[in-house]
Amino acid sequence: MSSLTVRGLTKSFAAAIPVLTGVDLHVPEGSFTALLGPSGCGKTTLLRLIAGFEEPDSGTVALGERVVTGAGRSVPARRRGIGFVPQEGGLFPHLTVAGNISFGLPRRQRRDGARVAELLRLVGLDPALADRSPHQLSGGQQQRVALARALAPEPSLVLLDEPFSSLDAALREETRVAVSAALSASGATAVLVTHDQAEALSMADQVAVLRGGRLVQLTDPRTLYRRPGDLDVATFVGEAVVLEAELRGGLALCALGELPYEPAADGVLEGAARILLRPEQLRLSAPRPAAPTARVSSVDYYGHDSRVWLDLPDGLRVSARLDGADLPVAGTDVSITVRGTALAFPARASRDAAAAL
Ligand SMILES: Nc1ncnc2c1ncn2[C@@H]1O[C@H](COP(=O)(O)OP(=O)(O)OP(=O)(O)O)[C@@H](O)[C@H]1O
């Protein structure tokens, strides 16, 4: 396995409108990075440039110390030693599971049943499936076989292009867990493309957020959720409560009272700001004098938790996530207290960022 280093990658297609602009990305050896972003932001193009299926206008791609794109070099895709898992497995329908997995192996290893069994176990499948045809497997099993096929030649890097998007919710979760475990057990360096923030946050060691062809943030999942670089990233990676605030004397004065805050960036210390809270930071209780109050608009019940929609006196609607069984009723008034700290952004920062979307 190798690290992956992308520097200054820029790509336009025929219309000369850049699809990617100056993307820098480092994926340490043996780690797992998710490329996260809305549809059309350039995730698949970045993956294809790394794989060698497309050529960039400028920039370099290196696997470990080996430059495979740029600096006058362009190593063909098949010689990069990269495993690829496409959206819908792409298994060869006329080959068995064993035939698919051993397809990319040197000829002398192709009859090695023990290696196929080992790879099937690695992806959490019963080796007895080796003689089946792909159409005799569920969608999730097919994706695991596709991963086993990608891992078989011990690639320097594994690329996964929205590999769970065609699976239903239950199978997606189970397949994600199996794929994560297999990647981690094999020590693979892996890059996953997804537009699903839960997938990115739950699976990856680091998340690269792309927007309009630019990499806007690269960090670990917890930091991304707790300290997003701007309010658009904040709302993209989770539900957000965004309030206008006045920062004064170390507190943020807002519709939910006076809250402790941390600045999201240098210089956001005093004056007009916008603050970010997550819905799970809001706690509700029976109305109490002097506490900020809201009217319950509706309640979405999910079993494991619930979302309570609240109308604040200034007309703003916000949500709270509650895990208790004792839920408020629509039409009643509640008091709101906030746990933890808010994150303060410059008042105009998100509008500028929104324009870039
Ligand atoms: N071969 C191509 N020729 C022309 N334009 C292309 C080509 N491939 C991609 N594009 C354009 O580049 C932009 C980014 O596409 P890309 O597939 O990389 O985005 P994405 O983030 O992966 O989107 P999605 O999540 O919808 O798959 C889009 O506007 C797309 O139309």
# chains A, B, ... in the order shown; residues from 1 in each chain; ligands from 1
$ closest_atom_pairs --of "chain A" --to "ligand 1" --cutoff "8 Å" --atoms "only C-alpha atoms and all ligand atoms" --output "JSON lines"
{"residue": "A:Ser12", "atom": "CA", "partner": "ligand 1", "partner_atom_place_in_ligand_line": "5 (N)", "distance": 7.7}
{"residue": "A:Phe13", "atom": "CA", "partner": "ligand 1", "partner_atom_place_in_ligand_line": "4 (C)", "distance": 4.8}
{"residue": "A:Ala14", "atom": "CA", "partner": "ligand 1", "partner_atom_place_in_ligand_line": "4 (C)", "distance": 6.1}
{"residue": "A:Ala15", "atom": "CA", "partner": "ligand 1", "partner_atom_place_in_ligand_line": "4 (C)", "distance": 7.5}
{"residue": "A:Val19", "atom": "CA", "partner": "ligand 1", "partner_atom_place_in_ligand_line": "12 (O)", "distance": 5.1}
{"residue": "A:Leu20", "atom": "CA", "partner": "ligand 1", "partner_atom_place_in_ligand_line": "14 (C)", "distance": 7.9}
{"residue": "A:Gly37", "atom": "CA", "partner": "ligand 1", "partner_atom_place_in_ligand_line": "21 (O)", "distance": 6.2}
{"residue": "A:Pro38", "atom": "CA", "partner": "ligand 1", "partner_atom_place_in_ligand_line": "25 (O)", "distance": 6.0}
{"residue": "A:Ser39", "atom": "CA", "partner": "ligand 1", "partner_atom_place_in_ligand_line": "26 (O)", "distance": 3.6}
{"residue": "A:Gly40", "atom": "CA", "partner": "ligand 1", "partner_atom_place_in_ligand_line": "19 (O)", "distance": 3.5}
{"residue": "A:Cys41", "atom": "CA", "partner": "ligand 1", "partner_atom_place_in_ligand_line": "21 (O)", "distance": 3.9}
{"residue": "A:Gly42", "atom": "CA", "partner": "ligand 1", "partner_atom_place_in_ligand_line": "18 (O)", "distance": 3.2}
{"residue": "A:Lys43", "atom": "CA", "partner": "ligand 1", "partner_atom_place_in_ligand_line": "21 (O)", "distance": 3.9}
{"residue": "A:Thr44", "atom": "CA", "partner": "ligand 1", "partner_atom_place_in_ligand_line": "22 (O)", "distance": 3.6}
{"residue": "A:Thr45", "atom": "CA", "partner": "ligand 1", "partner_atom_place_in_ligand_line": "18 (O)", "distance": 3.7}
{"residue": "A:Leu46", "atom": "CA", "partner": "ligand 1", "partner_atom_place_in_ligand_line": "18 (O)", "distance": 6.5}
{"residue": "A:Val193", "atom": "CA", "partner": "ligand 1", "partner_atom_place_in_ligand_line": "22 (O)", "distance": 7.5}
{"residue": "A:Thr194", "atom": "CA", "partner": "ligand 1", "partner_atom_place_in_ligand_line": "25 (O)", "distance": 7.0}
{"residue": "A:His195", "atom": "CA", "partner": "ligand 1", "partner_atom_place_in_ligand_line": "25 (O)", "distance": 6.0}
{"residue": "A:Leu210", "atom": "CA", "partner": "ligand 1", "partner_atom_place_in_ligand_line": "21 (O)", "distance": 7.9}
{"residue": "A:Gly213", "atom": "CA", "partner": "ligand 1", "partner_atom_place_in_ligand_line": "14 (C)", "distance": 7.5}
$ write_last_selection --atoms "N, CA and C atoms" --output "mmCIF file, in the first residue's frame"
data_model
loop_
_atom_site.group_PDB
_atom_site.id
_atom_site.type_symbol
_atom_site.label_atom_id
_atom_site.label_comp_id
_atom_site.auth_asym_id
_atom_site.auth_seq_id
_atom_site.Cartn_x
_atom_site.Cartn_y
_atom_site.Cartn_z
ATOM 1 N N SER A 12 -10.573 20.811 -16.924
ATOM 2 C CA SER A 12 -11.760 21.347 -17.605
ATOM 3 C C SER A 12 -12.124 20.348 -18.689
ATOM 4 N N PHE A 13 -13.407 20.272 -19.010
ATOM 5 C CA PHE A 13 -13.809 19.492 -20.174
ATOM 6 C C PHE A 13 -14.022 20.469 -21.322
ATOM 7 N N ALA A 14 -14.758 20.070 -22.332
ATOM 8 C CA ALA A 14 -14.827 20.841 -23.580
ATOM 9 C C ALA A 14 -15.191 22.312 -23.390
ATOM 10 N N ALA A 15 -16.122 22.599 -22.489
ATOM 11 C CA ALA A 15 -16.608 23.983 -22.344
ATOM 12 C C ALA A 15 -15.585 24.898 -21.679
ATOM 13 N N VAL A 19 -13.780 22.043 -13.905
ATOM 14 C CA VAL A 19 -14.547 21.105 -13.071
ATOM 15 C C VAL A 19 -13.797 20.899 -11.762
ATOM 16 N N LEU A 20 -12.469 20.965 -11.845
ATOM 17 C CA LEU A 20 -11.630 20.918 -10.635
ATOM 18 C C LEU A 20 -10.607 22.042 -10.732
ATOM 19 N N GLY A 37 -19.283 15.701 -1.278
ATOM 20 C CA GLY A 37 -19.726 16.960 -1.871
ATOM 21 C C GLY A 37 -21.028 16.763 -2.616
ATOM 22 N N PRO A 38 -21.700 17.879 -2.930
ATOM 23 C CA PRO A 38 -22.977 17.766 -3.639
ATOM 24 C C PRO A 38 -22.776 17.281 -5.071
ATOM 25 N N SER A 39 -23.859 16.886 -5.692
ATOM 26 C CA SER A 39 -23.812 16.380 -7.059
ATOM 27 C C SER A 39 -23.181 17.413 -8.000
ATOM 28 N N GLY A 40 -22.264 16.949 -8.827
ATOM 29 C CA GLY A 40 -21.660 17.829 -9.831
ATOM 30 C C GLY A 40 -20.466 18.625 -9.335
ATOM 31 N N CYS A 41 -20.006 18.397 -8.105
ATOM 32 C CA CYS A 41 -18.894 19.206 -7.574
ATOM 33 C C CYS A 41 -17.533 18.705 -8.055
ATOM 34 N N GLY A 42 -17.499 17.555 -8.714
ATOM 35 C CA GLY A 42 -16.233 17.081 -9.280
ATOM 36 C C GLY A 42 -15.623 15.864 -8.599
ATOM 37 N N LYS A 43 -16.379 15.197 -7.727
ATOM 38 C CA LYS A 43 -15.834 14.053 -6.971
ATOM 39 C C LYS A 43 -15.389 12.917 -7.901
ATOM 40 N N THR A 44 -16.302 12.540 -8.813
ATOM 41 C CA THR A 44 -15.975 11.412 -9.689
ATOM 42 C C THR A 44 -14.832 11.776 -10.623
ATOM 43 N N THR A 45 -14.805 13.021 -11.080
ATOM 44 C CA THR A 45 -13.705 13.457 -11.953
ATOM 45 C C THR A 45 -12.373 13.335 -11.207
ATOM 46 N N LEU A 46 -12.341 13.728 -9.950
ATOM 47 C CA LEU A 46 -11.107 13.614 -9.163
ATOM 48 C C LEU A 46 -10.683 12.150 -9.054
ATOM 49 N N VAL A 193 -15.800 7.921 -2.845
ATOM 50 C CA VAL A 193 -16.615 9.068 -3.273
ATOM 51 C C VAL A 193 -18.025 8.883 -2.748
ATOM 52 N N THR A 194 -18.571 9.906 -2.127
ATOM 53 C CA THR A 194 -19.941 9.819 -1.647
ATOM 54 C C THR A 194 -20.567 11.218 -1.548
ATOM 55 N N HIS A 195 -21.909 11.270 -1.686
ATOM 56 C CA HIS A 195 -22.574 12.543 -1.370
ATOM 57 C C HIS A 195 -23.367 12.389 -0.074
ATOM 58 N N LEU A 210 -15.595 18.743 -1.085
ATOM 59 C CA LEU A 210 -15.434 19.443 -2.362
ATOM 60 C C LEU A 210 -16.650 20.302 -2.608
ATOM 61 N N GLY A 213 -15.759 22.266 -7.403
ATOM 62 C CA GLY A 213 -14.454 21.891 -7.954
ATOM 63 C C GLY A 213 -13.262 22.249 -7.097
#
$ select_by_dssp --residues "region 114-167 of chain A" --states "alpha helix (DSSP H)" --output "list of chain:residue names"
A:Ala114, A:Arg115, A:Val116, A:Ala117, A:Glu118, A:Leu119, A:Leu120, A:Arg121, A:Leu122, A:Gly139, A:Gly140, A:Gln141, A:Gln142, A:Gln143, A:Arg144, A:Val145, A:Ala146, A:Leu147, A:Ala148, A:Arg149, A:Ala150, A:Leu151
$ residues_around --residues "region 235-251 of chain A" --least-positions-apart "4" --cutoff "9 Å" --atoms "only C-alpha atoms" --output "PyMOL selection string"
chain A and resi 36-38+196-198+200-201+224-225+228+230-231+255-256+258-261+268-279+316-320+344+347
$ residues_around --residues "Asp112 (chain A)" --least-positions-apart "2" --cutoff "12 Å" --atoms "only C-alpha atoms" --output "ChimeraX atom specification"
/A:98-99,101-103,105-110,114-119,130,152
$ residues_around --residues "region 69-76 of chain A" --least-positions-apart "2" --cutoff "8 Å" --atoms "only C-alpha atoms" --output "number ranges by chain"
A: 52, 55, 58-62, 67, 78-80
$ write_last_selection --atoms "N, CA and C atoms" --output "PDB file, in the first residue's frame"
ATOM      1  N   GLY A  52      -6.346   7.403 -13.402  1.00  0.00           N
ATOM      2  CA  GLY A  52      -5.683   7.440 -14.701  1.00  0.00           C
ATOM      3  C   GLY A  52      -6.652   7.256 -15.854  1.00  0.00           C
ATOM      4  N   GLU A  55      -6.986  12.613 -18.011  1.00  0.00           N
ATOM      5  CA  GLU A  55      -5.749  13.376 -17.847  1.00  0.00           C
ATOM      6  C   GLU A  55      -6.078  14.775 -17.332  1.00  0.00           C
ATOM      7  N   SER A  58      -3.504  20.323 -15.455  1.00  0.00           N
ATOM      8  CA  SER A  58      -2.250  20.539 -14.722  1.00  0.00           C
ATOM      9  C   SER A  58      -2.358  19.875 -13.357  1.00  0.00           C
ATOM     10  N   GLY A  59      -1.212  19.763 -12.719  1.00  0.00           N
ATOM     11  CA  GLY A  59      -1.190  19.144 -11.392  1.00  0.00           C
ATOM     12  C   GLY A  59      -0.557  17.761 -11.441  1.00  0.00           C
ATOM     13  N   THR A  60      -0.301  17.206 -10.250  1.00  0.00           N
ATOM     14  CA  THR A  60       0.352  15.893 -10.178  1.00  0.00           C
ATOM     15  C   THR A  60      -0.413  14.948  -9.260  1.00  0.00           C
ATOM     16  N   VAL A  61      -0.237  13.651  -9.541  1.00  0.00           N
ATOM     17  CA  VAL A  61      -0.766  12.583  -8.680  1.00  0.00           C
ATOM     18  C   VAL A  61       0.410  11.660  -8.392  1.00  0.00           C
ATOM     19  N   ALA A  62       0.652  11.374  -7.106  1.00  0.00           N
ATOM     20  CA  ALA A  62       1.749  10.468  -6.760  1.00  0.00           C
ATOM     21  C   ALA A  62       1.246   9.381  -5.819  1.00  0.00           C
ATOM     22  N   VAL A  67       5.460   9.380  -9.011  1.00  0.00           N
ATOM     23  CA  VAL A  67       4.529  10.279  -9.712  1.00  0.00           C
ATOM     24  C   VAL A  67       3.912   9.495 -10.863  1.00  0.00           C
ATOM     25  N   ARG A  78      -3.841   0.855 -16.046  1.00  0.00           N
ATOM     26  CA  ARG A  78      -3.629  -0.562 -15.683  1.00  0.00           C
ATOM     27  C   ARG A  78      -2.277  -0.809 -15.015  1.00  0.00           C
ATOM     28  N   ARG A  79      -1.353   0.187 -15.126  1.00  0.00           N
ATOM     29  CA  ARG A  79      -0.035  -0.015 -14.495  1.00  0.00           C
ATOM     30  C   ARG A  79       0.102   0.762 -13.191  1.00  0.00           C
ATOM     31  N   ARG A  80      -0.995   1.350 -12.732  1.00  0.00           N
ATOM     32  CA  ARG A  80      -0.889   2.153 -11.496  1.00  0.00           C
ATOM     33  C   ARG A  80      -0.994   1.299 -10.237  1.00  0.00           C
TER      34      ARG A  80
END
$ residues_around --residues "region 81-93 of chain A" --least-positions-apart "6" --cutoff "9 Å" --atoms "only C-alpha atoms" --output "ChimeraX atom specification"
/A:50-51,99-100,133-135,139,142-147,149-166
$ residues_around --residues "Pro292 (chain A)" --least-positions-apart "6" --cutoff "7 Å" --atoms "only C-alpha atoms" --output "CSV table (one decimal) with C-alpha atoms, in the first residue's frame"
chain,number,residue,atom,x,y,z
A,256,LEU,CA,-31.7,31.5,22.5
A,257,GLY,CA,-30.2,33.8,25.1
A,335,SER,CA,-38.3,26.6,27.1
A,336,ILE,CA,-35.0,25.9,25.5
$ closest_residue --among "A:Leu284, A:Leu4, A:Leu95, A:Val207" --to "Asp333 (chain A)" --atoms "only C-alpha atoms"
A:Leu284
$ select_by_dssp --residues "region 242-325 of chain A" --states "strand (DSSP E or B)" --output "VMD selection string"
chain A and resid 242 to 248 251 to 254 257 to 263 271 to 277 282 to 285 293 to 301 306 to 311 317 to 322
$ closest_atom_pairs --of "region 5-68 of chain A" --to "region 180-192 of chain A" --cutoff "7 Å" --atoms "only C-alpha atoms" --output "JSON lines"
{"residue": "A:Glu29", "atom": "CA", "partner": "A:Thr189", "partner_atom": "CA", "distance": 5.5}
{"residue": "A:Gly30", "atom": "CA", "partner": "A:Thr189", "partner_atom": "CA", "distance": 4.2}
{"residue": "A:Ser31", "atom": "CA", "partner": "A:Thr189", "partner_atom": "CA", "distance": 5.0}
{"residue": "A:Phe32", "atom": "CA", "partner": "A:Ala190", "partner_atom": "CA", "distance": 4.7}
{"residue": "A:Thr33", "atom": "CA", "partner": "A:Val191", "partner_atom": "CA", "distance": 4.9}
{"residue": "A:Ala34", "atom": "CA", "partner": "A:Leu192", "partner_atom": "CA", "distance": 4.7}
{"residue": "A:Leu35", "atom": "CA", "partner": "A:Leu192", "partner_atom": "CA", "distance": 6.0}
$ closest_atom_pairs --of "region 191-285 of chain A" --to "region 171-177 of chain A" --cutoff "10 Å" --atoms "only C-alpha atoms" --output "JSON lines"
{"residue": "A:Glu199", "atom": "CA", "partner": "A:Arg176", "partner_atom": "CA", "distance": 7.9}
{"residue": "A:Ser202", "atom": "CA", "partner": "A:Arg176", "partner_atom": "CA", "distance": 9.1}
{"residue": "A:Met203", "atom": "CA", "partner": "A:Arg176", "partner_atom": "CA", "distance": 7.6}
$ write_last_selection --atoms "N, CA and C atoms" --output "PDB file, in the first residue's frame"
ATOM      1  N   GLU A 199     -22.346   8.536   5.655  1.00  0.00           N
ATOM      2  CA  GLU A 199     -21.395   7.531   5.174  1.00  0.00           C
ATOM      3  C   GLU A 199     -19.967   8.041   5.366  1.00  0.00           C
ATOM      4  N   SER A 202     -19.069   8.298   9.175  1.00  0.00           N
ATOM      5  CA  SER A 202     -18.982   7.039   9.926  1.00  0.00           C
ATOM      6  C   SER A 202     -17.846   6.151   9.444  1.00  0.00           C
ATOM      7  N   MET A 203     -17.436   6.281   8.168  1.00  0.00           N
ATOM      8  CA  MET A 203     -16.454   5.318   7.644  1.00  0.00           C
ATOM      9  C   MET A 203     -15.021   5.836   7.599  1.00  0.00           C
TER      10      MET A 203
END
$ closest_residue --among "A:Leu25, A:Leu253, A:Val6, A:Leu282" --to "Leu218 (chain A)" --atoms "only C-alpha atoms"
A:Leu25
$ decode --residues "region 161-205 of chain A" --atoms "N, CA and C atoms" --output "PDB file, in the first residue's frame"
ATOM      1  N   ASP A 161     -16.245   4.249  -5.889  1.00  0.00           N
ATOM      2  CA  ASP A 161     -17.079   5.316  -6.449  1.00  0.00           C
ATOM      3  C   ASP A 161     -18.541   5.082  -6.065  1.00  0.00           C
ATOM      4  N   GLU A 162     -19.015   5.726  -5.021  1.00  0.00           N
ATOM      5  CA  GLU A 162     -20.397   5.577  -4.528  1.00  0.00           C
ATOM      6  C   GLU A 162     -20.821   4.107  -4.529  1.00  0.00           C
ATOM      7  N   PRO A 163     -20.077   3.235  -3.829  1.00  0.00           N
ATOM      8  CA  PRO A 163     -20.327   1.792  -3.987  1.00  0.00           C
ATOM      9  C   PRO A 163     -21.611   1.304  -3.312  1.00  0.00           C
ATOM     10  N   PHE A 164     -22.251   2.157  -2.516  1.00  0.00           N
ATOM     11  CA  PHE A 164     -23.451   1.690  -1.793  1.00  0.00           C
ATOM     12  C   PHE A 164     -24.732   2.333  -2.311  1.00  0.00           C
ATOM     13  N   SER A 165     -24.609   3.166  -3.364  1.00  0.00           N
ATOM     14  CA  SER A 165     -25.751   3.992  -3.745  1.00  0.00           C
ATOM     15  C   SER A 165     -26.930   3.185  -4.282  1.00  0.00           C
ATOM     16  N   SER A 166     -26.670   1.981  -4.812  1.00  0.00           N
ATOM     17  CA  SER A 166     -27.801   1.221  -5.363  1.00  0.00           C
ATOM     18  C   SER A 166     -28.422   0.279  -4.322  1.00  0.00           C
ATOM     19  N   LEU A 167     -27.915   0.303  -3.084  1.00  0.00           N
ATOM     20  CA  LEU A 167     -28.421  -0.624  -2.063  1.00  0.00           C
ATOM     21  C   LEU A 167     -29.497   0.039  -1.213  1.00  0.00           C
ATOM     22  N   ASP A 168     -30.460  -0.769  -0.742  1.00  0.00           N
ATOM     23  CA  ASP A 168     -31.481  -0.181   0.142  1.00  0.00           C
ATOM     24  C   ASP A 168     -30.880   0.076   1.523  1.00  0.00           C
ATOM     25  N   ALA A 169     -31.598   0.850   2.346  1.00  0.00           N
ATOM     26  CA  ALA A 169     -31.010   1.395   3.579  1.00  0.00           C
ATOM     27  C   ALA A 169     -30.396   0.325   4.483  1.00  0.00           C
ATOM     28  N   ALA A 170     -31.107  -0.782   4.718  1.00  0.00           N
ATOM     29  CA  ALA A 170     -30.616  -1.800   5.656  1.00  0.00           C
ATOM     30  C   ALA A 170     -29.359  -2.468   5.107  1.00  0.00           C
ATOM     31  N   LEU A 171     -29.389  -2.810   3.828  1.00  0.00           N
ATOM     32  CA  LEU A 171     -28.257  -3.485   3.202  1.00  0.00           C
ATOM     33  C   LEU A 171     -27.055  -2.538   3.111  1.00  0.00           C
ATOM     34  N   ARG A 172     -27.338  -1.255   2.905  1.00  0.00           N
ATOM     35  CA  ARG A 172     -26.278  -0.263   2.787  1.00  0.00           C
ATOM     36  C   ARG A 172     -25.470  -0.204   4.079  1.00  0.00           C
ATOM     37  N   GLU A 173     -26.182  -0.162   5.207  1.00  0.00           N
ATOM     38  CA  GLU A 173     -25.525  -0.075   6.505  1.00  0.00           C
ATOM     39  C   GLU A 173     -24.652  -1.309   6.741  1.00  0.00           C
ATOM     40  N   GLU A 174     -25.236  -2.483   6.480  1.00  0.00           N
ATOM     41  CA  GLU A 174     -24.516  -3.745   6.707  1.00  0.00           C
ATOM     42  C   GLU A 174     -23.293  -3.831   5.778  1.00  0.00           C
ATOM     43  N   THR A 175     -23.463  -3.405   4.528  1.00  0.00           N
ATOM     44  CA  THR A 175     -22.364  -3.495   3.567  1.00  0.00           C
ATOM     45  C   THR A 175     -21.257  -2.499   3.916  1.00  0.00           C
ATOM     46  N   ARG A 176     -21.663  -1.295   4.352  1.00  0.00           N
ATOM     47  CA  ARG A 176     -20.672  -0.297   4.795  1.00  0.00           C
ATOM     48  C   ARG A 176     -19.786  -0.852   5.908  1.00  0.00           C
ATOM     49  N   VAL A 177     -20.435  -1.491   6.893  1.00  0.00           N
ATOM     50  CA  VAL A 177     -19.681  -2.016   8.032  1.00  0.00           C
ATOM     51  C   VAL A 177     -18.696  -3.083   7.550  1.00  0.00           C
ATOM     52  N   ALA A 178     -19.182  -3.973   6.655  1.00  0.00           N
ATOM     53  CA  ALA A 178     -18.315  -5.049   6.153  1.00  0.00           C
ATOM     54  C   ALA A 178     -17.151  -4.479   5.340  1.00  0.00           C
ATOM     55  N   VAL A 179     -17.439  -3.469   4.521  1.00  0.00           N
ATOM     56  CA  VAL A 179     -16.394  -2.879   3.673  1.00  0.00           C
ATOM     57  C   VAL A 179     -15.359  -2.156   4.532  1.00  0.00           C
ATOM     58  N   SER A 180     -15.838  -1.398   5.538  1.00  0.00           N
ATOM     59  CA  SER A 180     -14.909  -0.717   6.451  1.00  0.00           C
ATOM     60  C   SER A 180     -13.984  -1.710   7.125  1.00  0.00           C
ATOM     61  N   ALA A 181     -14.580  -2.807   7.630  1.00  0.00           N
ATOM     62  CA  ALA A 181     -13.785  -3.803   8.355  1.00  0.00           C
ATOM     63  C   ALA A 181     -12.757  -4.425   7.419  1.00  0.00           C
ATOM     64  N   ALA A 182     -13.168  -4.725   6.174  1.00  0.00           N
ATOM     65  CA  ALA A 182     -12.241  -5.369   5.228  1.00  0.00           C
ATOM     66  C   ALA A 182     -11.099  -4.425   4.864  1.00  0.00           C
ATOM     67  N   LEU A 183     -11.428  -3.152   4.655  1.00  0.00           N
ATOM     68  CA  LEU A 183     -10.381  -2.190   4.286  1.00  0.00           C
ATOM     69  C   LEU A 183      -9.390  -2.029   5.425  1.00  0.00           C
ATOM     70  N   SER A 184      -9.942  -1.970   6.645  1.00  0.00           N
ATOM     71  CA  SER A 184      -9.045  -1.775   7.777  1.00  0.00           C
ATOM     72  C   SER A 184      -8.197  -3.028   8.032  1.00  0.00           C
ATOM     73  N   ALA A 185      -8.807  -4.230   7.898  1.00  0.00           N
ATOM     74  CA  ALA A 185      -8.033  -5.465   8.114  1.00  0.00           C
ATOM     75  C   ALA A 185      -6.958  -5.646   7.052  1.00  0.00           C
ATOM     76  N   SER A 186      -7.214  -5.171   5.836  1.00  0.00           N
ATOM     77  CA  SER A 186      -6.226  -5.375   4.772  1.00  0.00           C
ATOM     78  C   SER A 186      -5.158  -4.275   4.795  1.00  0.00           C
ATOM     79  N   GLY A 187      -5.364  -3.267   5.619  1.00  0.00           N
ATOM     80  CA  GLY A 187      -4.384  -2.166   5.692  1.00  0.00           C
ATOM     81  C   GLY A 187      -4.401  -1.304   4.451  1.00  0.00           C
ATOM     82  N   ALA A 188      -5.517  -1.348   3.709  1.00  0.00           N
ATOM     83  CA  ALA A 188      -5.579  -0.635   2.427  1.00  0.00           C
ATOM     84  C   ALA A 188      -5.585   0.870   2.612  1.00  0.00           C
ATOM     85  N   THR A 189      -4.966   1.566   1.651  1.00  0.00           N
ATOM     86  CA  THR A 189      -5.169   3.011   1.511  1.00  0.00           C
ATOM     87  C   THR A 189      -6.387   3.144   0.607  1.00  0.00           C
ATOM     88  N   ALA A 190      -7.407   3.874   1.049  1.00  0.00           N
ATOM     89  CA  ALA A 190      -8.649   3.887   0.276  1.00  0.00           C
ATOM     90  C   ALA A 190      -9.231   5.280   0.172  1.00  0.00           C
ATOM     91  N   VAL A 191      -9.875   5.547  -0.972  1.00  0.00           N
ATOM     92  CA  VAL A 191     -10.596   6.810  -1.194  1.00  0.00           C
ATOM     93  C   VAL A 191     -11.998   6.455  -1.670  1.00  0.00           C
ATOM     94  N   LEU A 192     -12.987   6.977  -0.975  1.00  0.00           N
ATOM     95  CA  LEU A 192     -14.393   6.704  -1.276  1.00  0.00           C
ATOM     96  C   LEU A 192     -15.072   7.984  -1.737  1.00  0.00           C
ATOM     97  N   VAL A 193     -15.800   7.921  -2.845  1.00  0.00           N
ATOM     98  CA  VAL A 193     -16.615   9.068  -3.273  1.00  0.00           C
ATOM     99  C   VAL A 193     -18.025   8.883  -2.748  1.00  0.00           C
ATOM    100  N   THR A 194     -18.571   9.906  -2.127  1.00  0.00           N
ATOM    101  CA  THR A 194     -19.941   9.819  -1.647  1.00  0.00           C
ATOM    102  C   THR A 194     -20.567  11.218  -1.548  1.00  0.00           C
ATOM    103  N   HIS A 195     -21.909  11.270  -1.686  1.00  0.00           N
ATOM    104  CA  HIS A 195     -22.574  12.543  -1.370  1.00  0.00           C
ATOM    105  C   HIS A 195     -23.367  12.389  -0.074  1.00  0.00           C
ATOM    106  N   ASP A 196     -23.124  11.261   0.625  1.00  0.00           N
ATOM    107  CA  ASP A 196     -23.867  10.946   1.841  1.00  0.00           C
ATOM    108  C   ASP A 196     -22.973  11.256   3.044  1.00  0.00           C
ATOM    109  N   GLN A 197     -23.342  12.325   3.792  1.00  0.00           N
ATOM    110  CA  GLN A 197     -22.460  12.760   4.873  1.00  0.00           C
ATOM    111  C   GLN A 197     -22.358  11.733   5.986  1.00  0.00           C
ATOM    112  N   ALA A 198     -23.433  10.972   6.228  1.00  0.00           N
ATOM    113  CA  ALA A 198     -23.384   9.965   7.294  1.00  0.00           C
ATOM    114  C   ALA A 198     -22.372   8.879   6.927  1.00  0.00           C
ATOM    115  N   GLU A 199     -22.346   8.536   5.655  1.00  0.00           N
ATOM    116  CA  GLU A 199     -21.395   7.531   5.174  1.00  0.00           C
ATOM    117  C   GLU A 199     -19.967   8.041   5.366  1.00  0.00           C
ATOM    118  N   ALA A 200     -19.731   9.276   4.963  1.00  0.00           N
ATOM    119  CA  ALA A 200     -18.390   9.854   5.074  1.00  0.00           C
ATOM    120  C   ALA A 200     -17.965   9.936   6.542  1.00  0.00           C
ATOM    121  N   LEU A 201     -18.846  10.446   7.397  1.00  0.00           N
ATOM    122  CA  LEU A 201     -18.474  10.648   8.809  1.00  0.00           C
ATOM    123  C   LEU A 201     -18.256   9.308   9.506  1.00  0.00           C
ATOM    124  N   SER A 202     -19.069   8.298   9.175  1.00  0.00           N
ATOM    125  CA  SER A 202     -18.982   7.039   9.926  1.00  0.00           C
ATOM    126  C   SER A 202     -17.846   6.151   9.444  1.00  0.00           C
ATOM    127  N   MET A 203     -17.436   6.281   8.168  1.00  0.00           N
ATOM    128  CA  MET A 203     -16.454   5.318   7.644  1.00  0.00           C
ATOM    129  C   MET A 203     -15.021   5.836   7.599  1.00  0.00           C
ATOM    130  N   ALA A 204     -14.856   7.141   7.341  1.00  0.00           N
ATOM    131  CA  ALA A 204     -13.529   7.618   6.936  1.00  0.00           C
ATOM    132  C   ALA A 204     -12.669   8.084   8.108  1.00  0.00           C
ATOM    133  N   ASP A 205     -11.342   8.027   7.911  1.00  0.00           N
ATOM    134  CA  ASP A 205     -10.409   8.639   8.866  1.00  0.00           C
ATOM    135  C   ASP A 205     -10.369  10.144   8.653  1.00  0.00           C
TER     136      ASP A 205
END
